[in-house]
Amino acid sequence: MTPTRTEGFAPLRDYALLGDLRTTALVAADGAVDWLAVPELDAPPVCAALLDPAEGGRITLAPTVPYEVSRRYVEGTMVLETTFTTREGAVRVTDSLNFGALGRLPWTELARVVTSVSGRVPMAWSVRPGHRLAAGNRPWARLDHGLPLLTVGDQRLAVVAEGLGGPELEDRAVHGTAVLEAGGTALLALVAVDAEPLHVPRPDEIVLRLERTIAAWQQWSGGVVHEGPWRQLVVRGALTLKALTSSVTGAIAGAATTSLPEKIGSSRNYDYRFAWIRDASYALDAMSRIGMSEELHAGVSWLLDTVSREAPALRPLYALSGEPVSAAMEEVEAAPGYRHSAPVHVGNAAAGQTQLGSYGDLFDAVWQYCQRRGHLDQASGTMLSAMADHVCDRWNTPDSGFWELGERRHYTSSKLGCWTALDRAVRMAAEGRLPSSHAERWRLERDAVRAWIDQHCWSDAKQSYTFYAGTDDLDAAALLAARTGFCAGDDPRLHSTVQAVRAELGAGGCLLYRYTGQQDKEGAFLACSGWLVEALCRTGHTEEAARLCDDFAGRANDLGLFTEEIDPAGGELLGNFPQALTHLAAISAAASLAQSGGAR
């Protein structure tokens, strides 16, 4: 490929993800690191050219002459290899956020190893931090005992360059140039800390850690249990989810970024650097289906500990630390936004919403854990029992629904979530996992929820479950009735709902819009493609499900990474990147096909 930019912005399809189980970076196809948060994934990014090419900050490394690019992840890792081919030679850049000897490093270490493949290639590089999405931050570059140091607020960044010329200092950047000859190697590394002393390792230590990081990723991904034609889809999804996971808490971020638009030029730009109860539940289900027992336990432990702080109330999302998130959503004036899609947001107003469906997500995650050799402690069982009682009291009230909408209604997806919560509570009580003194109440209310949904959330005209009570509008989230067991695979209502959703919300092939009326406001929502595949599997249409799964897998970029949405017409990726919910839906779709015998 020949990378291109528009007004300094790269297509979202051009980005690769790096991760060290603490933070993440996004590397464009032209070798620029346009996003890097230090020290944690949800910290203000020291590189944010993704949202502000002029002042956001980036780390560049590329030939100074025209080139073509090919790239791949090292097999089974989150380590990226990019090959730049010019008329006179080729070089390979290996990018990694390095691990330490026994886990994550106490500092952030971005390693970029350059290997000359053939001929001679002139190279240029620069490290230019940005404003960290705050107008008052002004980077400063200086030499300290001959070492280039950059300071942005409380963050200190050391630049380690070997074999790349320089380094030369500007007021706010460090840069250099060099010509690489055949067989030569070089290193560009960034070592970063936040409000603490800074240790600067030797170049050979950094290179050795990169090699060990490759081995660690490969050992982990080798444990993914899935065979069949979609193994690559599953393994890449599992690696991406792992990279979005905090190794300290086990929380999974919804995405690595904030404010990437659902439609270019629109204001529908949200911060996804939080942990959603919904996403955590789907992640635990997906991880358990591919043999990731450590992640299953860590995720359930994080969920139960986090929600215990305010139980029986339940927030839809939390910080990766597990702390509650303010509903305040700050608009960042310092950055113009991706392709001028303003405003840039820090924070998410959904933190203050009521989303009753989250109870179903929580209970289903715990149920899945118990079915896979998990055992609850007494305090967790008591808390969950109280939450089931809370659902009995609250299920018949309006909320903001699955899609976090401003207008509170009786959303069908929320009622389905309440049914799921009570159904799992009844099952766990029958197995002796929850105190059973209120189990009969849970059973009665569960059946009442089902009757209410069938009476108020069914459209005779559309022959489908609807978006909310009293409308004929449709919602792709109704497909989740299949995965929760609300509808059996032979239920005619499930069959006709799948048909109606595809007819009204379909955008070609596997693609679906979220709900009625969104066609002109945003792209097709990619997670819905996975839900469709899974629903087709459960209704016995495995051949069609397999065909659509192939189509779904093809909507990722060349590295197998998904965003939140896609433009059905041109194929442009939209929304925050990479999107955990989309990768979760892809894993579940492939796992469902394997279990149903649809894997060809």
# chains A, B, ... in the order shown; residues from 1 in each chain; ligands from 1

call {"tool": "closest_atom_pairs", "arguments": {"of": "range 246-323 of chain A", "to": "range 558-565 of chain A", "cutoff": "9 Å", "atoms": "only C-alpha atoms", "output": "CSV"}}
result
residue,atom,partner,partner_atom,distance
A:Ala255,CA,A:Thr563,CA,8.7
A:Glu262,CA,A:Glu565,CA,6.7
A:Lys263,CA,A:Glu565,CA,8.9

call {"tool": "write_last_selection", "arguments": {"atoms": "N, CA and C atoms", "output": "compact mmCIF listing (two decimals), in the first residue's frame"}}
result
# COMPACT_ATOMS: atom_id res chain seq x y z
N ALA A 255 -12.58 0.78 24.26
CA ALA A 255 -11.73 1.08 23.11
C ALA A 255 -10.50 1.80 23.64
N GLU A 262 -18.76 8.71 14.66
CA GLU A 262 -19.63 7.70 14.05
C GLU A 262 -19.98 8.08 12.61
N LYS A 263 -19.78 9.34 12.28
CA LYS A 263 -19.93 9.82 10.90
C LYS A 263 -19.00 11.02 10.76

call {"tool": "residues_around", "arguments": {"residues": "range 518-523 of chain A", "least_positions_apart": "5", "cutoff": "10 Å", "atoms": "only C-alpha atoms", "output": "tab-separated table (two decimals) with C-alpha atoms, in the first residue's frame"}}
result
chain	number	residue	atom	x	y	z
A	261	PRO	CA	-16.74	9.97	14.99
A	262	GLU	CA	-19.63	7.70	14.05
A	263	LYS	CA	-19.93	9.82	10.90
A	264	ILE	CA	-17.23	12.12	9.53
A	266	SER	CA	-20.65	14.85	13.02
A	268	ARG	CA	-21.44	12.07	17.77
A	505	LEU	CA	-31.90	-2.47	9.32
A	506	GLY	CA	-29.78	-4.30	6.75
A	507	ALA	CA	-27.01	-2.36	5.03
A	511	LEU	CA	-24.09	-5.22	7.96
A	512	LEU	CA	-26.86	-3.76	10.11
A	513	TYR	CA	-27.71	-0.35	11.47
A	564	GLU	CA	-17.13	0.45	16.09
A	565	GLU	CA	-18.83	1.17	12.78
A	566	ILE	CA	-18.30	1.12	9.02
A	567	ASP	CA	-19.62	3.15	6.10
A	568	PRO	CA	-21.58	0.55	4.09
A	569	ALA	CA	-21.09	2.46	0.84
A	571	GLY	CA	-16.09	0.71	3.52
A	572	GLU	CA	-14.51	3.49	5.60
A	573	LEU	CA	-14.04	2.48	9.22
A	574	LEU	CA	-15.75	4.75	11.75
A	575	GLY	CA	-15.89	5.17	15.50

call {"tool": "residues_around", "arguments": {"residues": "range 58-60 of chain A", "least_positions_apart": "6", "cutoff": "7 Å", "atoms": "only C-alpha atoms", "output": "PyMOL selection string"}}
result
chain A and resi 31-34+47-49+125-129

call {"tool": "write_last_selection", "arguments": {"atoms": "C-alpha atoms", "output": "CSV table (one decimal), in the first residue's frame"}}
result
chain,number,residue,atom,x,y,z
A,31,GLY,CA,5.2,4.8,10.6
A,32,ALA,CA,3.7,7.6,12.8
A,33,VAL,CA,2.6,6.8,16.3
A,34,ASP,CA,-0.4,9.1,16.4
A,47,CYS,CA,0.6,11.6,21.4
A,48,ALA,CA,-2.8,12.7,20.1
A,49,ALA,CA,-2.2,13.6,16.5
A,125,TRP,CA,12.5,10.3,12.8
A,126,SER,CA,11.1,12.7,15.4
A,127,VAL,CA,9.6,12.6,18.9
A,128,ARG,CA,7.2,15.5,19.4
A,129,PRO,CA,4.9,15.2,22.4

call {"tool": "closest_atom_pairs", "arguments": {"of": "range 30-146 of chain A", "to": "range 177-183 of chain A", "cutoff": "7 Å", "atoms": "only C-alpha atoms", "output": "Markdown table"}}
result
| residue | atom | partner | partner_atom | distance |
| --- | --- | --- | --- | --- |
| A:Ser116 | CA | A:Ala182 | CA | 5.1 |
| A:Val117 | CA | A:Ala182 | CA | 5.9 |
| A:Ser118 | CA | A:Ala182 | CA | 4.7 |
| A:Gly119 | CA | A:Ala182 | CA | 5.1 |
| A:Arg120 | CA | A:Glu181 | CA | 4.5 |
| A:Val121 | CA | A:Leu180 | CA | 5.3 |
| A:Pro122 | CA | A:Val179 | CA | 4.1 |
| A:Met123 | CA | A:Ala178 | CA | 5.4 |
| A:Ala124 | CA | A:Thr177 | CA | 4.3 |
| A:Trp125 | CA | A:Thr177 | CA | 6.4 |

call {"tool": "residues_around", "arguments": {"residues": "Trp107 in chain A", "least_positions_apart": "6", "cutoff": "10 Å", "atoms": "only C-alpha atoms", "output": "PyMOL selection string"}}
result
chain A and resi 22+38-39+98-100+191-194+196-200

call {"tool": "closest_atom_pairs", "arguments": {"of": "range 155-219 of chain A", "to": "range 226-245 of chain A", "cutoff": "12 Å", "atoms": "only C-alpha atoms", "output": "CSV"}}
result
residue,atom,partner,partner_atom,distance
A:Ala216,CA,A:Leu239,CA,11.8
A:Trp217,CA,A:Leu239,CA,8.2
A:Gln218,CA,A:Leu239,CA,9.8
A:Gln219,CA,A:Leu239,CA,11.5

call {"tool": "write_last_selection", "arguments": {"atoms": "C-alpha atoms", "output": "JSON list (two decimals), in the first residue's frame"}}
result
[["chain", "number", "residue", "atom", "x", "y", "z"],
["A", 216, "ALA", "CA", 5.31, -13.80, 26.00],
["A", 217, "TRP", "CA", 2.53, -12.87, 23.57],
["A", 218, "GLN", "CA", 3.01, -16.10, 21.64],
["A", 219, "GLN", "CA", 2.88, -18.21, 24.78]]

call {"tool": "residues_around", "arguments": {"residues": "Trp367 in chain A", "least_positions_apart": "5", "cutoff": "12 Å", "atoms": "only C-alpha atoms", "output": "number ranges by chain"}}
result
A: 281, 284-285, 288, 296, 300, 360-362, 372-376, 381, 384, 420-429, 431, 433-434, 484

call {"tool": "atom_distance", "arguments": {"atom1": "CA of Leu303 in chain A", "atom2": "CA of Ala280 in chain A"}}
result
7.7 Å

call {"tool": "atom_distance", "arguments": {"atom1": "CA of Trp302 in chain A", "atom2": "CA of Pro398 in chain A"}}
result
27.9 Å

call {"tool": "closest_residue", "arguments": {"among": "A:Pro312, A:Pro336, A:Pro148, A:Pro3", "to": "Asp52 in chain A", "atoms": "only C-alpha atoms"}}
result
A:Pro336

call {"tool": "atom_distance", "arguments": {"atom1": "CA of Gly530 in chain A", "atom2": "CA of Ala553 in chain A"}}
result
9.6 Å

call {"tool": "select_by_dssp", "arguments": {"residues": "range 174-273 of chain A", "states": "helix (DSSP H, G or I)", "output": "ChimeraX atom specification"}}
result
/A:203-221,231-243

call {"tool": "residues_around", "arguments": {"residues": "Lys415 in chain A", "least_positions_apart": "6", "cutoff": "8 Å", "atoms": "only C-alpha atoms", "output": "ChimeraX atom specification"}}
result
/A:356-357,395-396,449,453

call {"tool": "residues_around", "arguments": {"residues": "Glu404 in chain A", "least_positions_apart": "5", "cutoff": "8 Å", "atoms": "only C-alpha atoms", "output": "VMD selection string"}}
result
chain A and resid 350 353 355

call {"tool": "select_by_dssp", "arguments": {"residues": "range 126-206 of chain A", "states": "strand (DSSP E)", "output": "VMD selection string"}}
result
chain A and resid 126 to 129 140 to 144 147 to 152 155 to 162 168 to 169 174 to 181 185 to 194

call {"tool": "closest_residue", "arguments": {"among": "A:Arg493, A:Arg132, A:His456, A:Arg71", "to": "Gly56 in chain A", "atoms": "only C-alpha atoms"}}
result
A:Arg132

call {"tool": "closest_residue", "arguments": {"among": "A:Arg547, A:Arg278, A:Arg555, A:Arg502", "to": "Leu526 in chain A", "atoms": "only C-alpha atoms"}}
result
A:Arg555

call {"tool": "decode", "arguments": {"residues": "range 459-481 of chain A", "atoms": "N, CA and C atoms", "output": "short mmCIF file (atom, residue, chain, number, x, y, z; two decimals), in the first residue's frame"}}
result
data_model
loop_
_atom_site.label_atom_id
_atom_site.label_comp_id
_atom_site.auth_asym_id
_atom_site.auth_seq_id
_atom_site.Cartn_x
_atom_site.Cartn_y
_atom_site.Cartn_z
N SER A 459 -44.39 -6.46 17.65
CA SER A 459 -45.14 -5.82 16.57
C SER A 459 -45.77 -6.88 15.69
N ASP A 460 -47.10 -6.89 15.66
CA ASP A 460 -47.78 -7.80 14.74
C ASP A 460 -47.53 -7.39 13.29
N ALA A 461 -47.42 -6.08 13.08
CA ALA A 461 -47.21 -5.59 11.72
C ALA A 461 -45.84 -6.03 11.17
N LYS A 462 -44.81 -5.95 12.02
CA LYS A 462 -43.47 -6.31 11.59
C LYS A 462 -43.12 -7.76 11.89
N GLN A 463 -43.95 -8.42 12.70
CA GLN A 463 -43.66 -9.77 13.16
C GLN A 463 -42.26 -9.83 13.78
N SER A 464 -42.06 -8.91 14.74
CA SER A 464 -40.73 -8.77 15.34
C SER A 464 -40.84 -8.15 16.72
N TYR A 465 -39.88 -8.47 17.56
CA TYR A 465 -39.69 -7.70 18.78
C TYR A 465 -39.20 -6.32 18.38
N THR A 466 -39.64 -5.31 19.12
CA THR A 466 -39.45 -3.92 18.70
C THR A 466 -38.35 -3.23 19.48
N PHE A 467 -38.15 -1.97 19.13
CA PHE A 467 -37.15 -1.13 19.78
C PHE A 467 -37.55 -0.82 21.22
N TYR A 468 -38.82 -0.47 21.41
CA TYR A 468 -39.34 -0.19 22.74
C TYR A 468 -40.84 -0.39 22.72
N ALA A 469 -41.44 -0.38 23.88
CA ALA A 469 -42.87 -0.65 24.01
C ALA A 469 -43.69 0.39 23.25
N GLY A 470 -44.66 -0.07 22.46
CA GLY A 470 -45.60 0.83 21.80
C GLY A 470 -45.16 1.35 20.46
N THR A 471 -44.07 0.83 19.90
CA THR A 471 -43.62 1.27 18.58
C THR A 471 -43.46 0.07 17.66
N ASP A 472 -43.46 0.35 16.37
CA ASP A 472 -43.12 -0.67 15.39
C ASP A 472 -41.67 -0.55 14.92
N ASP A 473 -40.94 0.44 15.45
CA ASP A 473 -39.53 0.57 15.10
C ASP A 473 -38.75 -0.64 15.63
N LEU A 474 -37.64 -0.95 14.95
CA LEU A 474 -36.87 -2.14 15.29
C LEU A 474 -35.49 -1.78 15.81
N ASP A 475 -34.89 -2.76 16.49
CA ASP A 475 -33.59 -2.60 17.14
C ASP A 475 -32.79 -3.87 16.92
N ALA A 476 -31.57 -3.73 16.42
CA ALA A 476 -30.74 -4.91 16.18
C ALA A 476 -30.40 -5.64 17.48
N ALA A 477 -30.46 -4.93 18.61
CA ALA A 477 -30.18 -5.58 19.89
C ALA A 477 -31.21 -6.66 20.22
N ALA A 478 -32.36 -6.68 19.53
CA ALA A 478 -33.34 -7.75 19.73
C ALA A 478 -32.76 -9.10 19.34
N LEU A 479 -31.72 -9.11 18.49
CA LEU A 479 -31.07 -10.36 18.12
C LEU A 479 -30.44 -11.06 19.32
N LEU A 480 -30.16 -10.29 20.38
CA LEU A 480 -29.54 -10.86 21.57
C LEU A 480 -30.51 -11.77 22.32
N ALA A 481 -31.80 -11.76 21.96
CA ALA A 481 -32.75 -12.70 22.56
C ALA A 481 -32.32 -14.13 22.28
#
